[in-house]
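**Q** One file: run23.cif (mmCIF, C-alpha atoms and all ligand atoms).
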```
data_structure
#
loop_
_atom_site.group_PDB
_atom_site.id
_atom_site.type_symbol
_atom_site.label_atom_id
_atom_site.label_comp_id
_atom_site.auth_asym_id
_atom_site.auth_seq_id
_atom_site.Cartn_x
_atom_site.Cartn_y
_atom_site.Cartn_z
ATOM 1 C CA MET E 1 5.084 -39.560 -2.245
ATOM 2 C CA THR E 2 5.293 -38.894 1.488
ATOM 3 C CA ALA E 3 2.964 -36.458 3.229
ATOM 4 C CA SER E 4 5.780 -33.935 3.778
ATOM 5 C CA GLN E 5 6.672 -33.926 0.033
ATOM 6 C CA SER E 6 3.126 -33.033 -0.946
ATOM 7 C CA VAL E 7 3.011 -29.891 1.238
ATOM 8 C CA LEU E 8 4.402 -26.618 -0.131
ATOM 9 C CA PRO E 9 6.912 -25.152 2.335
ATOM 10 C CA MET E 10 5.759 -21.820 3.802
ATOM 11 C CA THR E 11 8.231 -18.970 3.485
ATOM 12 C CA SER E 12 9.406 -17.608 6.824
ATOM 13 C CA ALA E 13 8.936 -14.062 8.103
ATOM 14 C CA THR E 14 12.674 -13.540 7.476
ATOM 15 C CA GLU E 15 12.330 -14.499 3.802
ATOM 16 C CA ASP E 16 9.276 -12.251 3.410
ATOM 17 C CA LYS E 17 11.178 -9.364 5.023
ATOM 18 C CA SER E 18 13.985 -9.822 2.541
ATOM 19 C CA SER E 19 11.479 -9.476 -0.356
ATOM 20 C CA TYR E 20 10.489 -6.044 0.995
ATOM 21 C CA ALA E 21 13.920 -5.045 2.354
ATOM 22 C CA GLN E 22 14.536 -2.282 -0.216
ATOM 23 C CA TYR E 23 10.881 -1.296 -0.752
ATOM 24 C CA PHE E 24 11.632 2.271 0.339
ATOM 25 C CA SER E 25 14.985 2.726 -1.367
ATOM 26 C CA VAL E 26 13.169 5.753 -2.831
ATOM 27 C CA VAL E 27 10.568 7.490 -0.661
ATOM 28 C CA HIS E 28 7.898 9.028 -2.893
ATOM 29 C CA HIS E 29 6.686 12.100 -1.113
ATOM 30 C CA TYR E 30 3.765 12.529 -3.496
ATOM 31 C CA HIS E 31 1.756 10.258 -1.172
ATOM 32 C CA GLN E 32 1.872 13.095 1.355
ATOM 33 C CA LEU E 33 -1.126 14.834 -0.192
ATOM 34 C CA ARG E 34 -3.261 11.734 0.511
ATOM 35 C CA PHE E 35 -1.892 11.484 4.051
ATOM 36 C CA GLN E 36 -2.835 15.105 4.691
ATOM 37 C CA TRP E 37 -6.323 14.428 3.269
ATOM 38 C CA ILE E 38 -6.649 11.519 5.750
ATOM 39 C CA VAL E 39 -5.661 13.747 8.681
ATOM 40 C CA LYS E 40 -8.149 16.417 7.588
ATOM 41 C CA ASN E 41 -11.025 13.973 7.068
ATOM 42 C CA PHE E 42 -10.523 11.410 9.843
ATOM 43 C CA LEU E 43 -8.087 12.695 12.479
ATOM 44 C CA LYS E 44 -8.695 16.423 12.882
ATOM 45 C CA GLY E 45 -7.757 17.669 16.350
ATOM 46 C CA VAL E 46 -6.502 14.275 17.580
ATOM 47 C CA THR E 47 -4.285 14.782 20.654
ATOM 48 C CA GLY E 48 -2.875 12.687 23.485
ATOM 49 C CA GLN E 49 -3.602 9.361 21.752
ATOM 50 C CA ARG E 50 -1.477 6.246 21.301
ATOM 51 C CA VAL E 51 -1.349 5.791 17.542
ATOM 52 C CA ALA E 52 0.162 2.848 15.613
ATOM 53 C CA GLU E 53 0.576 2.616 11.840
ATOM 54 C CA VAL E 54 1.579 -0.484 9.875
ATOM 55 C CA GLY E 55 3.197 0.197 6.485
ATOM 56 C CA ALA E 56 4.454 3.606 7.626
ATOM 57 C CA GLY E 57 7.903 3.225 6.061
ATOM 58 C CA ASP E 58 7.528 6.415 4.011
ATOM 59 C CA GLY E 59 6.712 8.448 7.131
ATOM 60 C CA GLY E 60 3.030 7.579 6.849
ATOM 61 C CA VAL E 61 0.182 9.525 8.418
ATOM 62 C CA ILE E 62 1.837 9.313 11.856
ATOM 63 C CA GLN E 63 4.426 11.907 10.819
ATOM 64 C CA PHE E 64 1.594 14.474 10.893
ATOM 65 C CA LEU E 65 0.344 13.321 14.322
ATOM 66 C CA ARG E 66 3.649 12.912 16.121
ATOM 67 C CA GLU E 67 3.785 16.332 17.756
ATOM 68 C CA LYS E 68 0.630 15.918 19.832
ATOM 69 C CA ASN E 69 0.383 12.118 20.157
ATOM 70 C CA ASP E 70 2.427 9.069 21.107
ATOM 71 C CA VAL E 71 3.047 7.494 17.678
ATOM 72 C CA PHE E 72 4.630 4.212 16.607
ATOM 73 C CA GLY E 73 5.473 3.087 13.046
ATOM 74 C CA LEU E 74 5.782 -0.510 11.845
ATOM 75 C CA ASP E 75 6.914 -1.915 8.547
ATOM 76 C CA ILE E 76 8.244 -5.118 6.994
ATOM 77 C CA SER E 77 10.749 -3.033 5.007
ATOM 78 C CA GLU E 78 14.216 -2.422 6.413
ATOM 79 C CA THR E 79 14.661 0.772 4.381
ATOM 80 C CA GLY E 80 11.230 1.912 5.584
ATOM 81 C CA VAL E 81 12.074 1.421 9.254
ATOM 82 C CA ALA E 82 15.457 3.114 8.706
ATOM 83 C CA TYR E 83 13.631 6.117 7.199
ATOM 84 C CA LEU E 84 11.226 6.283 10.184
ATOM 85 C CA LYS E 85 14.181 6.260 12.556
ATOM 86 C CA GLN E 86 15.799 9.031 10.508
ATOM 87 C CA LEU E 87 12.625 11.084 11.041
ATOM 88 C CA GLY E 88 12.934 10.372 14.783
ATOM 89 C CA ILE E 89 9.756 8.247 14.909
ATOM 90 C CA ASN E 90 9.579 5.190 17.215
ATOM 91 C CA SER E 91 9.461 2.202 14.917
ATOM 92 C CA ALA E 92 10.005 -1.547 14.513
ATOM 93 C CA LEU E 93 10.490 -4.115 11.770
ATOM 94 C CA VAL E 94 7.482 -6.455 11.729
ATOM 95 C CA ASP E 95 5.821 -8.859 9.325
ATOM 96 C CA ALA E 96 2.164 -8.167 10.112
ATOM 97 C CA SER E 97 1.167 -11.370 8.282
ATOM 98 C CA SER E 98 2.904 -13.725 10.661
ATOM 99 C CA GLU E 99 4.390 -11.947 13.678
ATOM 100 C CA PRO E 100 2.804 -10.467 16.802
ATOM 101 C CA LEU E 101 2.532 -6.683 16.878
ATOM 102 C CA PRO E 102 4.899 -5.320 19.550
ATOM 103 C CA PHE E 103 2.183 -4.073 21.917
ATOM 104 C CA ASP E 104 0.340 -5.458 24.928
ATOM 105 C CA ASP E 105 -3.395 -6.102 24.705
ATOM 106 C CA ALA E 106 -5.685 -3.062 24.412
ATOM 107 C CA GLN E 107 -2.873 -0.477 24.303
ATOM 108 C CA ILE E 108 -3.659 1.441 21.131
ATOM 109 C CA ASP E 109 -6.289 4.175 20.677
ATOM 110 C CA ILE E 110 -5.923 4.587 16.904
ATOM 111 C CA PHE E 111 -4.579 1.953 14.506
ATOM 112 C CA MET E 112 -3.873 2.672 10.845
ATOM 113 C CA MET E 113 -2.890 0.614 7.814
ATOM 114 C CA PHE E 114 -3.115 2.276 4.396
ATOM 115 C CA GLU E 115 -2.570 0.324 1.165
ATOM 116 C CA VAL E 116 -1.034 -2.593 3.098
ATOM 117 C CA PHE E 117 -3.796 -5.177 3.421
ATOM 118 C CA GLU E 118 -3.463 -6.270 -0.200
ATOM 119 C CA HIS E 119 0.231 -7.101 0.459
ATOM 120 C CA LEU E 120 -0.510 -9.442 3.355
ATOM 121 C CA LYS E 121 0.001 -13.133 2.883
ATOM 122 C CA ASN E 122 -2.173 -13.864 5.901
ATOM 123 C CA PRO E 123 -4.659 -10.999 6.376
ATOM 124 C CA GLN E 124 -6.558 -12.917 9.066
ATOM 125 C CA HIS E 125 -3.490 -13.022 11.316
ATOM 126 C CA ALA E 126 -3.182 -9.234 10.973
ATOM 127 C CA VAL E 127 -6.877 -8.753 11.797
ATOM 128 C CA GLU E 128 -6.590 -10.888 14.960
ATOM 129 C CA GLU E 129 -3.510 -8.979 16.032
ATOM 130 C CA LEU E 130 -4.947 -5.538 15.439
ATOM 131 C CA GLN E 131 -8.117 -6.457 17.345
ATOM 132 C CA ARG E 132 -5.927 -7.585 20.223
ATOM 133 C CA VAL E 133 -3.796 -4.437 20.490
ATOM 134 C CA VAL E 134 -6.534 -1.831 19.905
ATOM 135 C CA LYS E 135 -8.668 -0.808 22.890
ATOM 136 C CA GLN E 136 -12.291 -1.863 22.822
ATOM 137 C CA GLY E 137 -14.092 1.022 21.110
ATOM 138 C CA GLY E 138 -10.777 2.185 19.583
ATOM 139 C CA LYS E 139 -10.559 3.588 16.069
ATOM 140 C CA ILE E 140 -9.121 1.788 13.035
ATOM 141 C CA LEU E 141 -8.436 3.332 9.631
ATOM 142 C CA LEU E 142 -7.625 1.079 6.677
ATOM 143 C CA SER E 143 -7.467 1.617 2.958
ATOM 144 C CA ILE E 144 -7.311 -0.703 -0.035
ATOM 145 C CA PRO E 145 -6.933 0.111 -3.738
ATOM 146 C CA ASN E 146 -9.714 -0.440 -6.247
ATOM 147 C CA PRO E 147 -9.260 -3.560 -8.419
ATOM 148 C CA ARG E 148 -9.844 -1.181 -11.395
ATOM 149 C CA THR E 149 -6.381 0.319 -10.773
ATOM 150 C CA GLY E 150 -4.913 -2.967 -12.035
ATOM 151 C CA HIS E 151 -3.216 -3.648 -8.681
ATOM 152 C CA GLN E 152 -1.925 -7.204 -8.287
ATOM 153 C CA TYR E 153 -3.702 -9.066 -5.482
ATOM 154 C CA LEU E 154 -2.988 -12.234 -3.534
ATOM 155 C CA TYR E 155 -6.743 -12.578 -2.946
ATOM 156 C CA PRO E 156 -8.539 -10.743 -5.791
ATOM 157 C CA SER E 157 -12.161 -11.099 -4.710
ATOM 158 C CA LEU E 158 -11.471 -9.878 -1.149
ATOM 159 C CA PHE E 159 -10.593 -6.434 -2.483
ATOM 160 C CA ARG E 160 -13.850 -5.576 -4.200
ATOM 161 C CA PHE E 161 -15.073 -2.742 -1.991
ATOM 162 C CA ARG E 162 -18.374 -4.397 -1.047
ATOM 163 C CA ALA E 163 -16.699 -7.753 -0.257
ATOM 164 C CA PHE E 164 -14.052 -6.079 1.898
ATOM 165 C CA LYS E 165 -16.702 -4.238 3.910
ATOM 166 C CA GLU E 166 -18.520 -7.547 4.483
ATOM 167 C CA TYR E 167 -15.240 -9.211 5.506
ATOM 168 C CA LEU E 168 -14.616 -6.497 8.118
ATOM 169 C CA ALA E 169 -18.170 -6.712 9.464
ATOM 170 C CA ASN E 170 -17.913 -10.534 9.678
ATOM 171 C CA ASN E 171 -14.822 -10.064 11.836
ATOM 172 C CA GLY E 172 -16.855 -8.026 14.304
ATOM 173 C CA PHE E 173 -15.787 -4.488 13.402
ATOM 174 C CA THR E 174 -18.336 -1.730 13.180
ATOM 175 C CA VAL E 175 -17.839 -0.068 9.800
ATOM 176 C CA ASN E 176 -18.661 3.595 10.405
ATOM 177 C CA ARG E 177 -17.708 5.091 7.049
ATOM 178 C CA VAL E 178 -16.244 4.099 3.699
ATOM 179 C CA VAL E 179 -14.823 7.208 2.055
ATOM 180 C CA PRO E 180 -13.519 7.193 -1.526
ATOM 181 C CA TYR E 181 -10.280 8.931 -2.515
ATOM 182 C CA GLY E 182 -9.127 9.700 -6.019
ATOM 183 C CA PHE E 183 -10.374 8.566 -9.380
ATOM 184 C CA VAL E 184 -9.758 5.675 -11.771
ATOM 185 C CA PRO E 185 -10.847 6.850 -15.239
ATOM 186 C CA PRO E 186 -13.100 4.566 -17.271
ATOM 187 C CA LEU E 187 -11.058 2.430 -19.695
ATOM 188 C CA TRP E 188 -8.032 2.859 -17.374
ATOM 189 C CA PRO E 189 -6.063 -0.052 -18.965
ATOM 190 C CA LEU E 190 -6.101 1.964 -22.222
ATOM 191 C CA VAL E 191 -5.393 5.311 -20.521
ATOM 192 C CA LYS E 192 -2.626 4.026 -18.224
ATOM 193 C CA PRO E 193 0.185 3.799 -20.825
ATOM 194 C CA LEU E 194 -0.503 7.448 -21.768
ATOM 195 C CA VAL E 195 -0.136 8.572 -18.130
ATOM 196 C CA PHE E 196 2.720 6.339 -16.978
ATOM 197 C CA THR E 197 5.217 7.303 -19.628
ATOM 198 C CA LYS E 198 8.880 6.302 -19.293
ATOM 199 C CA LYS E 199 9.760 9.967 -18.646
ATOM 200 C CA ARG E 200 7.267 10.265 -15.790
ATOM 201 C CA ILE E 201 8.450 7.030 -14.167
ATOM 202 C CA GLU E 202 12.056 8.290 -14.306
ATOM 203 C CA LEU E 203 10.950 11.594 -12.748
ATOM 204 C CA GLU E 204 9.079 9.804 -9.961
ATOM 205 C CA ASP E 205 12.047 7.584 -9.202
ATOM 206 C CA LYS E 206 13.991 10.651 -8.103
ATOM 207 C CA PRO E 207 13.489 11.183 -4.367
ATOM 208 C CA MET E 208 11.455 14.267 -3.602
ATOM 209 C CA PRO E 209 12.237 16.691 -0.791
ATOM 210 C CA ALA E 210 10.807 15.625 2.554
ATOM 211 C CA VAL E 211 7.751 17.509 3.753
ATOM 212 C CA GLY E 212 8.609 20.060 6.421
ATOM 213 C CA LYS E 213 12.321 20.017 5.648
ATOM 214 C CA GLU E 214 14.080 23.035 4.245
ATOM 215 C CA THR E 215 15.021 21.169 1.090
ATOM 216 C CA GLY E 216 12.309 22.903 -0.917
ATOM 217 C CA LYS E 217 8.623 22.539 -1.635
ATOM 218 C CA PRO E 218 7.566 18.982 -2.431
ATOM 219 C CA HIS E 219 6.649 18.530 -6.063
ATOM 220 C CA PHE E 220 3.409 16.650 -6.627
ATOM 221 C CA PRO E 221 2.882 15.101 -10.083
ATOM 222 C CA LEU E 222 -0.219 16.264 -11.988
ATOM 223 C CA THR E 223 -1.969 12.886 -11.616
ATOM 224 C CA THR E 224 -1.486 13.035 -7.837
ATOM 225 C CA ARG E 225 -2.952 16.525 -7.724
ATOM 226 C CA LEU E 226 -5.889 15.472 -9.944
ATOM 227 C CA ASN E 227 -6.566 12.476 -7.718
ATOM 228 C CA TYR E 228 -6.489 14.758 -4.681
ATOM 229 C CA ALA E 229 -8.848 17.223 -6.367
ATOM 230 C CA SER E 230 -11.269 14.450 -7.362
ATOM 231 C CA SER E 231 -11.698 13.628 -3.660
ATOM 232 C CA ALA E 232 -13.330 16.976 -2.873
ATOM 233 C CA PRO E 233 -16.817 16.468 -1.383
ATOM 234 C CA PHE E 234 -18.553 17.619 -4.610
ATOM 235 C CA TRP E 235 -16.870 15.000 -6.806
ATOM 236 C CA THR E 236 -17.105 12.316 -4.141
ATOM 237 C CA ALA E 237 -20.857 12.878 -4.040
ATOM 238 C CA ILE E 238 -21.372 12.566 -7.782
ATOM 239 C CA LYS E 239 -18.823 9.900 -8.808
ATOM 240 C CA PRO E 240 -19.780 6.286 -8.212
ATOM 241 C CA LEU E 241 -17.713 4.346 -5.664
ATOM 242 C CA ARG E 242 -16.503 2.013 -8.393
ATOM 243 C CA TYR E 243 -14.403 4.831 -9.880
ATOM 244 C CA ALA E 244 -12.603 5.635 -6.598
ATOM 245 C CA TRP E 245 -8.852 5.021 -6.694
ATOM 246 C CA LEU E 246 -9.009 3.687 -3.147
ATOM 247 C CA CYS E 247 -11.400 3.688 -0.203
ATOM 248 C CA VAL E 248 -10.653 4.499 3.423
ATOM 249 C CA TYR E 249 -12.582 2.376 5.922
ATOM 250 C CA GLU E 250 -13.214 3.892 9.325
ATOM 251 C CA LEU E 251 -13.928 1.171 11.878
ATOM 252 C CA THR E 252 -14.566 0.759 15.585
ATOM 253 C CA ASN E 253 -13.033 -2.158 17.456
ATOM 254 C CA THR E 254 -16.425 -3.175 18.814
ATOM 255 C CA ASP E 255 -15.551 -6.774 19.661
ATOM 256 C CA PRO E 256 -11.858 -7.589 20.296
ATOM 257 C CA GLN E 257 -12.817 -11.287 20.065
ATOM 258 C CA GLY E 258 -14.655 -10.791 16.761
ATOM 259 C CA SER E 259 -12.182 -12.564 14.468
ATOM 260 C CA ARG E 260 -11.847 -15.460 16.921
ATOM 261 C CA LYS E 261 -15.637 -15.825 17.019
ATOM 262 C CA LEU E 262 -15.773 -15.769 13.200
ATOM 263 C CA PHE E 263 -13.204 -18.571 13.062
ATOM 264 C CA ASP E 264 -15.224 -20.635 15.544
ATOM 265 C CA ARG E 265 -18.445 -20.023 13.595
ATOM 266 C CA VAL E 266 -16.797 -21.181 10.380
ATOM 267 C CA ALA E 267 -15.429 -24.250 12.156
ATOM 268 C CA SER E 268 -18.740 -25.171 13.744
ATOM 269 C CA ARG E 269 -20.891 -28.002 12.487
ATOM 270 C CA GLU E 270 -23.882 -25.659 12.595
ATOM 271 C CA SER E 271 -22.426 -23.406 9.897
ATOM 272 C CA HIS E 272 -22.129 -26.407 7.518
ATOM 273 C CA GLU E 273 -25.676 -27.461 8.306
ATOM 274 C CA ASN E 274 -26.979 -23.947 7.608
ATOM 275 C CA ALA E 275 -25.062 -23.858 4.319
ATOM 276 C CA ALA E 276 -26.545 -27.229 3.340
ATOM 277 C CA LYS E 277 -30.084 -25.943 4.021
ATOM 278 C CA GLN E 278 -29.651 -22.896 1.745
HETATM 279 C C1 LIG E 301 1.863 0.229 -1.064
HETATM 280 S S1 LIG E 301 2.866 0.578 0.327
HETATM 281 C C2 LIG E 301 1.824 1.699 1.212
HETATM 282 C C3 LIG E 301 2.635 2.731 1.939
HETATM 283 C C4 LIG E 301 1.801 3.822 2.638
HETATM 284 N N1 LIG E 301 1.101 3.278 3.783
HETATM 285 C C5 LIG E 301 0.841 4.471 1.680
HETATM 286 O O1 LIG E 301 -0.370 4.461 1.938
HETATM 287 O O2 LIG E 301 1.282 4.986 0.653
HETATM 288 C C6 LIG E 301 2.741 -0.939 1.261
HETATM 289 C C7 LIG E 301 3.424 -0.861 2.603
HETATM 290 O O3 LIG E 301 3.175 -2.029 3.355
HETATM 291 C C8 LIG E 301 4.390 -2.570 3.862
HETATM 292 N N2 LIG E 301 4.153 -4.011 4.045
HETATM 293 C C9 LIG E 301 3.944 -4.935 3.079
HETATM 294 N N3 LIG E 301 3.769 -6.150 3.621
HETATM 295 C C10 LIG E 301 3.866 -5.992 4.966
HETATM 296 C C11 LIG E 301 3.798 -6.892 6.067
HETATM 297 N N4 LIG E 301 3.592 -8.195 5.877
HETATM 298 N N5 LIG E 301 3.964 -6.398 7.309
HETATM 299 C C12 LIG E 301 4.182 -5.064 7.508
HETATM 300 N N6 LIG E 301 4.259 -4.163 6.498
HETATM 301 C C13 LIG E 301 4.098 -4.623 5.241
HETATM 302 C C14 LIG E 301 5.385 -2.199 2.780
HETATM 303 O O4 LIG E 301 6.721 -2.275 3.198
HETATM 304 C C15 LIG E 301 4.933 -0.775 2.507
HETATM 305 O O5 LIG E 301 5.349 0.107 3.507
#
```
Could you rewrite the structure in this file as structure tokens?
Ligand SMILES: C[S@@+](CC[C@H](N)C(=O)[O-])C[C@H]1O[C@@H](n2cnc3c(N)ncnc32)[C@H](O)[C@@H]1O
**A**
Amino acid sequence: MTASQSVLPMTSATEDKSSYAQYFSVVHHYHQLRFQWIVKNFLKGVTGQRVAEVGAGDGGVIQFLREKNDVFGLDISETGVAYLKQLGINSALVDASSEPLPFDDAQIDIFMMFEVFEHLKNPQHAVEELQRVVKQGGKILLSIPNPRTGHQYLYPSLFRFRAFKEYLANNGFTVNRVVPYGFVPPLWPLVKPLVFTKKRIELEDKPMPAVGKETGKPHFPLTTRLNYASSAPFWTAIKPLRYAWLCVYELTNTDPQGSRKLFDRVASRESHENAAKQ
């Protein structure tokens, strides 16, 4: 066997884009309640900022910030970018796992990426890129789902809340807050089939009216409203983090070279010697 035969070919950004091309053939507006919760808890009164959001193909949080800020939406999904354009939001098609983000260095004040990290084939590339485009001291908001939700992961152990926080800190971010949203009931694998009935899935697959349009009031399914309610400060204080549906990480871009330094530390002989001593 030759060396080239033994190496698995990497898929290209184009192939990965085609996997996500139709991701937003239906835009589920029931995520809007969570987006509004994010604005209320992390972005109140934000004005005059340059804001970028990756994975914003359903309108994202930027749709609520667009009036008073300079916002930009990115997504790997063609239907997502088409929807952003339809909303009149500046946007571009990008694979954040392998391509550069379309900004110069230190251009962005606030960078957001909700429920995207777990989709990335190469999270480290995305981290390097976001550190590059965000100003030093700039704000980053990320969220990842709890493994208890049964979400499929490319890298399962990275998405345990404590491990993810450590990963971010190792990359040189300052982790200011980790705020839980929503609730995964105990014994969720047993409860899930009772909640996600065929009827409910069919109902959810019907597009809901866009927020702010005159097409009617958006309808939020009961589970969405319960998840929203379970994120009120009272419940957040008494429910353990392990039962959160997802967590939002609020970070500061303290060291734009942080991920590069981490890579060099891992590559250094010293790090192997330290590991051997332990
Ligand atoms: C689970 S959805 C989350 C959507 C929304 N941000 C939310 O919180 O509900 C994942 C999003 O990430 C996008 N995405 C997945 N992989 C991506 C990649 N490599 N580069 C950019 N966007 C990606 C998907 O198209 C989709 O918009």
**Q** Measuring between only C-alpha atoms and all ligand atoms, which one of E:His29, E:His119, E:Arg177, E:Arg50 shows the shortest distance to ligand LIG 301 (chain E)?
**A**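 Under the stated criterion, the closest residue is E:His119.
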**Q** Please check which residues have atoms at most 7 Å from (-11.9, 0.2, -4.8) in the file's coordinates, counting only C-alpha atoms, and write them as a ChimeraX atom specification.
**A** /E:144-147,160-161,242,244-247
**Q** Take the PyMOL selection byres (((chain E and resi 180) around 9) and not hetatm), apply it to the structure above, and return the hits as number ranges by chain.
**A** E: 178-179, 181-183, 231, 236, 241, 243-249
**Q** From the list E:Val54, E:Leu65, E:Tyr20, E:Gln36, which residue is nearest Thr79 (chain E) when using all atoms listed in the file?
**A** E:Tyr20
**Q** Which chains and residue numbers are within 8 Å of ligand LIG 301 (chain E), counting all atoms listed in the file, if I want them as a PyMOL selection string?
**A** chain E and resi 16-17+20-21+23-24+31+34-35+54-58+60-61+74-77+80+93-98+113-117+119-121+143
**Q** Quick one: everything within 12 Å of Tyr167 (chain E), counting all atoms listed in the file, minus sequence neighbours fewer than 5 positions away in the same chain. Send it as a PDB file with C-alpha atoms, keeping the file's coordinate frame.
**A**
```
ATOM      1  CA  PRO E 123      -4.659 -10.999   6.376  1.00  0.00           C
ATOM      2  CA  GLN E 124      -6.558 -12.917   9.066  1.00  0.00           C
ATOM      3  CA  VAL E 127      -6.877  -8.753  11.797  1.00  0.00           C
ATOM      4  CA  SER E 157     -12.161 -11.099  -4.710  1.00  0.00           C
ATOM      5  CA  LEU E 158     -11.471  -9.878  -1.149  1.00  0.00           C
ATOM      6  CA  PHE E 159     -10.593  -6.434  -2.483  1.00  0.00           C
ATOM      7  CA  ARG E 160     -13.850  -5.576  -4.200  1.00  0.00           C
ATOM      8  CA  PHE E 161     -15.073  -2.742  -1.991  1.00  0.00           C
ATOM      9  CA  ARG E 162     -18.374  -4.397  -1.047  1.00  0.00           C
ATOM     10  CA  GLY E 172     -16.855  -8.026  14.304  1.00  0.00           C
ATOM     11  CA  PHE E 173     -15.787  -4.488  13.402  1.00  0.00           C
ATOM     12  CA  THR E 174     -18.336  -1.730  13.180  1.00  0.00           C
ATOM     13  CA  VAL E 175     -17.839  -0.068   9.800  1.00  0.00           C
ATOM     14  CA  TYR E 249     -12.582   2.376   5.922  1.00  0.00           C
ATOM     15  CA  GLY E 258     -14.655 -10.791  16.761  1.00  0.00           C
ATOM     16  CA  SER E 259     -12.182 -12.564  14.468  1.00  0.00           C
ATOM     17  CA  LEU E 262     -15.773 -15.769  13.200  1.00  0.00           C
TER      18      LEU E 262
END
```
**Q** Which residues match the PyMOL selection byres (((chain E and resi 225) around 12) and not hetatm) in the file above, as a PyMOL selection string?
**A** chain E and resi 30-34+37+181-183+219-224+226-232
**Q** What gap, in Å, lies between CA of Leu43 (chain E) and CA of Glu78 (chain E)?
**A** 27.6 Å
**Q** Around all the atoms of region 145-150 of chain E listed in the file, with 3 Å of room on each side, what axis-aligned box do you get, giving centre and edge lengths in Å to one decimal, as lines of an AutoDock Vina configuration file?
**A**
```
center_x = -7.4
center_y = -1.6
center_z = -7.9
size_x = 10.9
size_y = 9.9
size_z = 14.3
```
**Q** Just the number, please: distance in Å from CA of Val133 (chain E) to CA of Asn171 (chain E), one decimal.
**A** 15.1 Å
**Q** Tell me, as a ChimeraX atom specification, which residues lie within 12 Å of Asp104 (chain E), counting all atoms listed in the file; anything in the same chain fewer than 4 positions away does not count.
**A** /E:100,108,129-135
**Q** Atoms to include: C-alpha atoms. Write the selected residues as a short mmCIF file (atom, residue, chain, number, x, y, z; two decimals), keeping the file's coordinate frame.
**A**
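As written to disk, result28.cif reads:
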```cif
data_model
loop_
_atom_site.label_atom_id
_atom_site.label_comp_id
_atom_site.auth_asym_id
_atom_site.auth_seq_id
_atom_site.Cartn_x
_atom_site.Cartn_y
_atom_site.Cartn_z
CA PRO E 100 2.80 -10.47 16.80
CA ILE E 108 -3.66 1.44 21.13
CA GLU E 129 -3.51 -8.98 16.03
CA LEU E 130 -4.95 -5.54 15.44
CA GLN E 131 -8.12 -6.46 17.34
CA ARG E 132 -5.93 -7.58 20.22
CA VAL E 133 -3.80 -4.44 20.49
CA VAL E 134 -6.53 -1.83 19.90
CA LYS E 135 -8.67 -0.81 22.89
#
```
**Q** Excluding Met112 (chain E) and its own-chain neighbours fewer than 6 positions away, which residues fall within 8 Å of it when counting all atoms listed in the file? Please give them as a list in words.
**A**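 Returned residues: Val51, Ala52, Glu53, Val54, Ile140, Leu141 and Leu142 of chain E.
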**Q** So the first atom is CA of His151 (chain E) and the second is CA of Val191 (chain E); what is the distance between them in Å, to one decimal place?
**A** 15.0 Å
